[in-house]
Amino acid sequence: MLSEPRSGRLAAWGNALLAGVVSPDDAVLAIVGEDAVHRVEGLPGESAPVGLTLALGRLRTLGATGLRVALPAPGHPLGLSGPPEFNARALETEEAVLCHSTALGLVPEVSEAGPAGDVHVEVVWHVLPVREAPPADVPSLGEAERELAEALRDATEILAKLDVAGSGPVAEAAIDAYRARAERGREVLAPGYPPRAVRVLELAQRVGMLISLAHENGHGGAVSASEMAARSLALRPVERTARRAQVAAYNSVVEERERGR
């Protein structure tokens, strides 16, 4: 939850490109981010992997009018619509992109190469058939914003109650530093997204930061097995809420377009 999912970058900037509000070069640069290269494999009409620019153009000609994000986890097929083969691949990576109006989806495969200190990340997006059906468990932006406000309060209370390291000023400092890095390095969402989607995504990332701090900073005062289990159990619905909100934010432009028809 700390970092922006690659599926989120692909969907957000792909949607901006499909809407004509950014250039292909700008979209691809934003999608690739700090990775070395992204390729797309299995695209209809192509016998070998191709670059993002060609792939996004081809998806448009195949009928894609928008891109949706899925962020599934075990027991929670968030944003998926089937078939089982695609869902299984998406669950392995815990993220995927589904093409609206075209029965295709993309699942990333991430690999690293190079010596320590000079590691290059390469991503191959595998194109697979998907079922054109409503995605699972995706809330509206309004629902997501209300749920997140409660989740942020719950996460803070849970960490404080269980005396988890980093639940107080340390957590706030880490969140502020993360936000500063994010503001310097990237836009929260691509051009064309409504302000509410930006607000929801920022809040979802804040909740995700608190959860990650709870897992990364040791057990704090939750020293017994039962206390550690209670913490994990208490944070699980908060983490699910944050993931649902992320998906709602990334998918909002497609959903608004559908409601406007």
# chains A, B, ... in the order shown; residues from 1 in each chain; ligands from 1
>>> residues_around(residues="region 66-82 of chain A", least_positions_apart="2", cutoff="6 Å", atoms="only C-alpha atoms", output="list in words")
Ala11, Asn15, Ala64, Pro84, Asn87, Leu91, Glu94, Glu95, Ala96, Val97, Leu98, Cys99, His100, Val130, Arg131, Ala133, Pro135, Ala136, Asp137, Val247, Asn251 and Val254 of chain A
>>> write_last_selection(atoms="all heavy atoms", output="compact mmCIF listing (two decimals), in the first residue's frame")
# COMPACT_ATOMS: atom_id res chain seq x y z
N ALA A 11 -3.60 2.34 -15.65
CA ALA A 11 -5.00 2.71 -15.86
C ALA A 11 -5.18 4.22 -15.89
O ALA A 11 -5.86 4.76 -16.77
CB ALA A 11 -5.87 2.09 -14.77
N ASN A 15 -6.06 6.01 -19.27
CA ASN A 15 -7.35 6.70 -19.41
C ASN A 15 -7.15 8.14 -19.90
O ASN A 15 -7.94 8.64 -20.73
CB ASN A 15 -8.09 6.71 -18.07
CG ASN A 15 -8.75 5.38 -17.76
OD1 ASN A 15 -9.19 4.67 -18.67
ND2 ASN A 15 -8.84 5.04 -16.49
N ALA A 64 -11.20 -0.50 -26.84
CA ALA A 64 -11.09 -0.11 -25.44
C ALA A 64 -11.42 1.38 -25.28
O ALA A 64 -10.83 2.22 -25.95
CB ALA A 64 -9.70 -0.40 -24.90
N PRO A 84 -12.05 -17.58 -14.38
CA PRO A 84 -11.16 -18.04 -13.30
C PRO A 84 -9.69 -17.97 -13.66
O PRO A 84 -8.86 -17.67 -12.78
CB PRO A 84 -11.61 -19.49 -13.08
CG PRO A 84 -13.05 -19.50 -13.50
CD PRO A 84 -13.14 -18.55 -14.65
N ASN A 87 -8.57 -14.41 -13.14
CA ASN A 87 -8.61 -14.10 -11.72
C ASN A 87 -7.43 -14.71 -10.97
O ASN A 87 -6.84 -14.07 -10.08
CB ASN A 87 -9.92 -14.58 -11.11
CG ASN A 87 -11.11 -13.74 -11.54
OD1 ASN A 87 -10.97 -12.81 -12.32
ND2 ASN A 87 -12.28 -14.07 -11.02
N LEU A 91 -4.67 -12.65 -8.92
CA LEU A 91 -4.49 -12.88 -7.49
C LEU A 91 -3.02 -13.14 -7.15
O LEU A 91 -2.56 -12.79 -6.06
CB LEU A 91 -5.35 -14.05 -7.03
CG LEU A 91 -6.81 -13.71 -6.69
CD1 LEU A 91 -7.64 -14.98 -6.59
CD2 LEU A 91 -6.87 -12.92 -5.38
N GLU A 94 -1.68 -9.69 -7.24
CA GLU A 94 -2.52 -8.80 -6.44
C GLU A 94 -2.82 -7.49 -7.16
O GLU A 94 -3.10 -6.47 -6.52
CB GLU A 94 -1.93 -8.55 -5.05
CG GLU A 94 -1.82 -9.83 -4.22
CD GLU A 94 -1.49 -9.58 -2.77
OE1 GLU A 94 -1.13 -8.43 -2.43
OE2 GLU A 94 -1.60 -10.52 -1.97
N GLU A 95 -2.78 -7.51 -8.49
CA GLU A 95 -3.20 -6.35 -9.26
C GLU A 95 -3.38 -6.73 -10.72
O GLU A 95 -2.81 -7.71 -11.20
CB GLU A 95 -2.19 -5.21 -9.15
CG GLU A 95 -0.82 -5.51 -9.69
CD GLU A 95 0.10 -4.29 -9.65
OE1 GLU A 95 -0.32 -3.22 -10.15
OE2 GLU A 95 1.23 -4.39 -9.12
N ALA A 96 -4.22 -5.94 -11.41
CA ALA A 96 -4.47 -6.16 -12.83
C ALA A 96 -5.19 -4.95 -13.38
O ALA A 96 -5.67 -4.09 -12.63
CB ALA A 96 -5.31 -7.42 -13.05
N VAL A 97 -5.26 -4.89 -14.71
CA VAL A 97 -6.00 -3.84 -15.41
C VAL A 97 -6.98 -4.51 -16.36
O VAL A 97 -6.63 -5.47 -17.05
CB VAL A 97 -5.04 -2.93 -16.21
CG1 VAL A 97 -5.82 -1.96 -17.09
CG2 VAL A 97 -4.13 -2.16 -15.26
N LEU A 98 -8.22 -4.02 -16.37
CA LEU A 98 -9.25 -4.55 -17.26
C LEU A 98 -9.65 -3.47 -18.25
O LEU A 98 -9.87 -2.31 -17.87
CB LEU A 98 -10.48 -5.01 -16.47
CG LEU A 98 -10.33 -6.30 -15.66
CD1 LEU A 98 -9.53 -6.06 -14.39
CD2 LEU A 98 -11.71 -6.87 -15.31
N CYS A 99 -9.73 -3.84 -19.51
CA CYS A 99 -10.08 -2.90 -20.58
C CYS A 99 -11.60 -2.83 -20.71
O CYS A 99 -12.25 -3.84 -20.99
CB CYS A 99 -9.46 -3.34 -21.90
SG CYS A 99 -7.67 -3.46 -21.86
N HIS A 100 -12.14 -1.63 -20.54
CA HIS A 100 -13.58 -1.44 -20.67
C HIS A 100 -13.98 -1.46 -22.15
O HIS A 100 -13.29 -0.89 -23.00
CB HIS A 100 -13.97 -0.09 -20.06
CG HIS A 100 -15.44 0.17 -20.06
ND1 HIS A 100 -16.35 -0.67 -19.46
CD2 HIS A 100 -16.16 1.18 -20.60
CE1 HIS A 100 -17.56 -0.18 -19.62
NE2 HIS A 100 -17.47 0.92 -20.32
N VAL A 130 -10.88 -11.55 -20.63
CA VAL A 130 -11.65 -11.37 -19.40
C VAL A 130 -13.13 -11.42 -19.73
O VAL A 130 -13.53 -11.28 -20.88
CB VAL A 130 -11.31 -10.03 -18.70
CG1 VAL A 130 -9.85 -9.97 -18.30
CG2 VAL A 130 -11.68 -8.85 -19.57
N ARG A 131 -13.92 -11.59 -18.70
CA ARG A 131 -15.37 -11.60 -18.85
C ARG A 131 -15.88 -10.16 -18.70
O ARG A 131 -15.51 -9.47 -17.74
CB ARG A 131 -15.99 -12.51 -17.80
CG ARG A 131 -17.50 -12.66 -17.91
CD ARG A 131 -18.00 -13.59 -16.82
NE ARG A 131 -17.42 -14.92 -16.95
CZ ARG A 131 -16.99 -15.66 -15.93
NH1 ARG A 131 -17.03 -15.16 -14.70
NH2 ARG A 131 -16.49 -16.86 -16.13
N ALA A 133 -18.22 -8.07 -17.33
CA ALA A 133 -19.23 -8.11 -16.27
C ALA A 133 -18.86 -7.06 -15.23
O ALA A 133 -17.72 -6.59 -15.19
CB ALA A 133 -19.29 -9.50 -15.64
N PRO A 135 -17.36 -5.30 -12.17
CA PRO A 135 -16.25 -5.71 -11.30
C PRO A 135 -16.71 -5.92 -9.87
O PRO A 135 -17.64 -5.27 -9.39
CB PRO A 135 -15.27 -4.54 -11.41
CG PRO A 135 -16.12 -3.36 -11.79
CD PRO A 135 -17.22 -3.92 -12.65
N ALA A 136 -16.03 -6.84 -9.17
CA ALA A 136 -16.45 -7.23 -7.83
C ALA A 136 -16.10 -6.19 -6.78
O ALA A 136 -14.96 -5.73 -6.70
CB ALA A 136 -15.80 -8.57 -7.46
N ASP A 137 -17.11 -5.81 -5.97
CA ASP A 137 -16.92 -5.09 -4.71
C ASP A 137 -16.28 -3.71 -4.84
O ASP A 137 -15.56 -3.27 -3.95
CB ASP A 137 -16.08 -5.94 -3.73
CG ASP A 137 -16.21 -5.47 -2.29
OD1 ASP A 137 -17.31 -5.04 -1.92
OD2 ASP A 137 -15.22 -5.52 -1.56
N VAL A 247 -9.20 1.45 -5.75
CA VAL A 247 -9.84 1.00 -7.00
C VAL A 247 -10.92 1.98 -7.43
O VAL A 247 -11.05 2.32 -8.61
CB VAL A 247 -10.39 -0.42 -6.82
CG1 VAL A 247 -11.22 -0.83 -8.04
CG2 VAL A 247 -9.25 -1.42 -6.62
N ASN A 251 -10.79 4.00 -10.99
CA ASN A 251 -11.84 3.64 -11.95
C ASN A 251 -12.88 4.73 -12.14
O ASN A 251 -13.80 4.57 -12.94
CB ASN A 251 -12.54 2.35 -11.49
CG ASN A 251 -11.61 1.15 -11.47
OD1 ASN A 251 -10.44 1.26 -11.80
ND2 ASN A 251 -12.14 0.00 -11.10
N VAL A 254 -13.96 6.11 -15.69
CA VAL A 254 -14.74 5.15 -16.49
C VAL A 254 -16.16 5.06 -15.96
O VAL A 254 -17.13 5.04 -16.73
CB VAL A 254 -14.06 3.77 -16.48
CG1 VAL A 254 -14.88 2.76 -17.29
CG2 VAL A 254 -12.65 3.86 -17.05
>>> closest_residue(among="A:Ala30, A:Ala155, A:Val127, A:Leu62", to="Pro49 (chain A)", atoms="only C-alpha atoms")
A:Val127
>>> atom_distance(atom1="CA of Ala190 (chain A)", atom2="CA of Arg206 (chain A)")
18.8 Å
>>> atom_distance(atom1="CA of Ala204 (chain A)", atom2="CA of Glu122 (chain A)")
26.8 Å
>>> residues_around(residues="Glu4 (chain A)", least_positions_apart="2", cutoff="12 Å", atoms="only C-alpha atoms", output="PyMOL selection string")
chain A and resi 1-2+6-12+30-34+69+71+95+178+182+185-189+201-202+204-206+208-209+243+246-247+250
>>> select_by_dssp(residues="region 22-261 of chain A", states="strand (DSSP E or B)", output="PyMOL selection string")
chain A and resi 37-41+50-51+66-70+73+76+96-100+104-113+120-129
>>> write_last_selection(atoms="N, CA and C atoms", output="compact mmCIF listing (two decimals), in the first residue's frame")
# COMPACT_ATOMS: atom_id res chain seq x y z
N VAL A 37 11.85 -0.62 -18.21
CA VAL A 37 11.07 -0.78 -19.43
C VAL A 37 9.79 -1.55 -19.13
N HIS A 38 8.75 -1.25 -19.88
CA HIS A 38 7.50 -2.01 -19.84
C HIS A 38 7.21 -2.54 -21.25
N ARG A 39 6.81 -3.80 -21.33
CA ARG A 39 6.40 -4.39 -22.59
C ARG A 39 5.05 -5.06 -22.41
N VAL A 40 4.36 -5.28 -23.51
CA VAL A 40 3.04 -5.91 -23.48
C VAL A 40 3.10 -7.15 -24.36
N GLU A 41 2.73 -8.29 -23.77
CA GLU A 41 2.81 -9.58 -24.47
C GLU A 41 1.42 -10.19 -24.60
N VAL A 50 5.43 -6.01 -27.36
CA VAL A 50 5.54 -4.68 -27.97
C VAL A 50 5.63 -3.63 -26.87
N GLY A 51 6.01 -2.42 -27.26
CA GLY A 51 6.11 -1.32 -26.32
C GLY A 51 4.75 -0.78 -25.92
N GLY A 66 -11.74 2.65 -21.97
CA GLY A 66 -11.27 3.01 -20.65
C GLY A 66 -10.58 1.83 -20.01
N LEU A 67 -9.84 2.11 -18.92
CA LEU A 67 -9.10 1.07 -18.21
C LEU A 67 -9.51 1.10 -16.74
N ARG A 68 -9.78 -0.09 -16.21
CA ARG A 68 -10.14 -0.23 -14.80
C ARG A 68 -9.05 -1.00 -14.06
N VAL A 69 -8.93 -0.72 -12.77
CA VAL A 69 -7.94 -1.38 -11.92
C VAL A 69 -8.63 -2.46 -11.08
N ALA A 70 -7.92 -3.56 -10.86
CA ALA A 70 -8.31 -4.57 -9.88
C ALA A 70 -7.16 -4.76 -8.91
N ALA A 73 -7.02 -9.65 -3.38
CA ALA A 73 -6.21 -10.30 -2.35
C ALA A 73 -6.90 -11.62 -2.02
N HIS A 76 -10.67 -11.99 -1.48
CA HIS A 76 -11.29 -10.71 -1.84
C HIS A 76 -10.96 -10.38 -3.30
N ALA A 96 -4.22 -5.94 -11.41
CA ALA A 96 -4.47 -6.16 -12.83
C ALA A 96 -5.19 -4.95 -13.38
N VAL A 97 -5.26 -4.89 -14.71
CA VAL A 97 -6.00 -3.84 -15.41
C VAL A 97 -6.98 -4.51 -16.36
N LEU A 98 -8.22 -4.02 -16.37
CA LEU A 98 -9.25 -4.55 -17.26
C LEU A 98 -9.65 -3.47 -18.25
N CYS A 99 -9.73 -3.84 -19.51
CA CYS A 99 -10.08 -2.90 -20.58
C CYS A 99 -11.60 -2.83 -20.71
N HIS A 100 -12.14 -1.63 -20.54
CA HIS A 100 -13.58 -1.44 -20.67
C HIS A 100 -13.98 -1.46 -22.15
N LEU A 104 -10.57 -7.82 -22.64
CA LEU A 104 -9.15 -8.07 -22.42
C LEU A 104 -8.72 -7.50 -21.07
N GLY A 105 -7.74 -8.17 -20.47
CA GLY A 105 -7.15 -7.68 -19.23
C GLY A 105 -5.65 -7.83 -19.28
N LEU A 106 -4.95 -7.08 -18.43
CA LEU A 106 -3.49 -7.12 -18.39
C LEU A 106 -3.02 -7.38 -16.97
N VAL A 107 -2.11 -8.33 -16.84
CA VAL A 107 -1.53 -8.68 -15.55
C VAL A 107 -0.02 -8.48 -15.62
N PRO A 108 0.57 -7.75 -14.68
CA PRO A 108 2.02 -7.48 -14.76
C PRO A 108 2.86 -8.63 -14.22
N GLU A 109 3.99 -8.84 -14.87
CA GLU A 109 5.03 -9.74 -14.38
C GLU A 109 6.29 -8.90 -14.21
N VAL A 110 6.78 -8.80 -12.98
CA VAL A 110 7.89 -7.90 -12.65
C VAL A 110 9.15 -8.74 -12.42
N SER A 111 10.25 -8.33 -13.03
CA SER A 111 11.53 -9.00 -12.84
C SER A 111 12.62 -7.98 -12.63
N GLU A 112 13.68 -8.40 -11.94
CA GLU A 112 14.82 -7.52 -11.66
C GLU A 112 16.08 -8.12 -12.26
N ALA A 113 16.96 -7.26 -12.74
CA ALA A 113 18.23 -7.69 -13.31
C ALA A 113 19.31 -6.68 -12.97
N HIS A 120 17.84 -3.12 -12.28
CA HIS A 120 16.87 -2.58 -13.22
C HIS A 120 15.60 -3.43 -13.16
N VAL A 121 14.48 -2.76 -13.10
CA VAL A 121 13.19 -3.45 -13.04
C VAL A 121 12.54 -3.44 -14.41
N GLU A 122 12.16 -4.61 -14.87
CA GLU A 122 11.46 -4.75 -16.14
C GLU A 122 10.08 -5.33 -15.88
N VAL A 123 9.09 -4.85 -16.62
CA VAL A 123 7.71 -5.29 -16.45
C VAL A 123 7.16 -5.78 -17.78
N VAL A 124 6.57 -6.95 -17.75
CA VAL A 124 5.86 -7.48 -18.91
C VAL A 124 4.38 -7.59 -18.54
N TRP A 125 3.55 -6.91 -19.30
CA TRP A 125 2.10 -6.99 -19.10
C TRP A 125 1.55 -8.11 -19.99
N HIS A 126 0.96 -9.12 -19.37
CA HIS A 126 0.40 -10.24 -20.12
C HIS A 126 -1.08 -9.96 -20.41
N VAL A 127 -1.44 -9.99 -21.68
CA VAL A 127 -2.82 -9.73 -22.10
C VAL A 127 -3.58 -11.05 -22.11
N LEU A 128 -4.72 -11.07 -21.43
CA LEU A 128 -5.52 -12.28 -21.31
C LEU A 128 -6.99 -11.93 -21.51
N PRO A 129 -7.82 -12.90 -21.95
CA PRO A 129 -9.25 -12.63 -22.07
C PRO A 129 -9.91 -12.48 -20.71
>>> residues_around(residues="Arg146 (chain A)", least_positions_apart="3", cutoff="12 Å", atoms="only C-alpha atoms", output="JSON list (two decimals) with N, CA and C atoms, in the first residue's frame")
[["chain", "number", "residue", "atom", "x", "y", "z"],
["A", 139, "PRO", "N", -16.69, 0.22, -4.68],
["A", 139, "PRO", "CA", -17.65, 1.22, -4.22],
["A", 139, "PRO", "C", -17.64, 2.46, -5.10],
["A", 140, "SER", "N", -18.63, 3.30, -4.91],
["A", 140, "SER", "CA", -18.60, 4.62, -5.56],
["A", 140, "SER", "C", -17.60, 5.50, -4.81],
["A", 141, "LEU", "N", -17.23, 6.62, -5.43],
["A", 141, "LEU", "CA", -16.30, 7.53, -4.77],
["A", 141, "LEU", "C", -16.88, 8.05, -3.45],
["A", 142, "GLY", "N", -18.17, 8.35, -3.44],
["A", 142, "GLY", "CA", -18.80, 8.84, -2.22],
["A", 142, "GLY", "C", -18.75, 7.81, -1.11],
["A", 143, "GLU", "N", -19.06, 6.55, -1.45],
["A", 143, "GLU", "CA", -18.99, 5.48, -0.45],
["A", 143, "GLU", "C", -17.56, 5.30, 0.05],
["A", 149, "ALA", "N", -12.85, 7.69, 5.90],
["A", 149, "ALA", "CA", -12.81, 8.55, 7.08],
["A", 149, "ALA", "C", -12.92, 7.71, 8.35],
["A", 150, "GLU", "N", -13.80, 6.72, 8.33],
["A", 150, "GLU", "CA", -13.93, 5.82, 9.47],
["A", 150, "GLU", "C", -12.71, 4.92, 9.61],
["A", 151, "ALA", "N", -12.17, 4.45, 8.48],
["A", 151, "ALA", "CA", -11.02, 3.55, 8.52],
["A", 151, "ALA", "C", -9.79, 4.24, 9.08],
["A", 152, "LEU", "N", -9.58, 5.52, 8.73],
["A", 152, "LEU", "CA", -8.43, 6.25, 9.24],
["A", 152, "LEU", "C", -8.53, 6.39, 10.75],
["A", 153, "ARG", "N", -9.73, 6.70, 11.23],
["A", 153, "ARG", "CA", -9.93, 6.80, 12.68],
["A", 153, "ARG", "C", -9.70, 5.44, 13.35],
["A", 196, "ARG", "N", -12.39, 14.88, -6.46],
["A", 196, "ARG", "CA", -12.78, 13.95, -5.40],
["A", 196, "ARG", "C", -11.99, 12.65, -5.50],
["A", 199, "ARG", "N", -8.67, 13.22, -3.94],
["A", 199, "ARG", "CA", -8.81, 13.27, -2.48],
["A", 199, "ARG", "C", -8.96, 11.86, -1.90],
["A", 200, "VAL", "N", -9.77, 11.03, -2.54],
["A", 200, "VAL", "CA", -9.98, 9.67, -2.06],
["A", 200, "VAL", "C", -8.70, 8.86, -2.14],
["A", 203, "LEU", "N", -6.23, 9.86, 0.59],
["A", 203, "LEU", "CA", -6.63, 9.36, 1.90],
["A", 203, "LEU", "C", -6.41, 7.85, 1.99],
["A", 204, "ALA", "N", -6.67, 7.14, 0.91],
["A", 204, "ALA", "CA", -6.42, 5.70, 0.88],
["A", 204, "ALA", "C", -4.94, 5.41, 1.09],
["A", 241, "THR", "N", -10.67, -1.75, 3.17],
["A", 241, "THR", "CA", -11.32, -0.48, 2.84],
["A", 241, "THR", "C", -10.39, 0.40, 2.02],
["A", 242, "ALA", "N", -9.11, 0.45, 2.39],
["A", 242, "ALA", "CA", -8.15, 1.28, 1.66],
["A", 242, "ALA", "C", -7.97, 0.77, 0.23],
["A", 244, "ARG", "N", -10.21, -0.93, -1.55],
["A", 244, "ARG", "CA", -11.45, -0.64, -2.27],
["A", 244, "ARG", "C", -11.49, 0.82, -2.71],
["A", 245, "ALA", "N", -11.00, 1.70, -1.85],
["A", 245, "ALA", "CA", -11.00, 3.12, -2.18],
["A", 245, "ALA", "C", -10.02, 3.43, -3.31]]
>>> closest_residue(among="A:Leu18, A:Ala229, A:Pro237, A:Glu92", to="Arg58 (chain A)", atoms="only C-alpha atoms")
A:Leu18
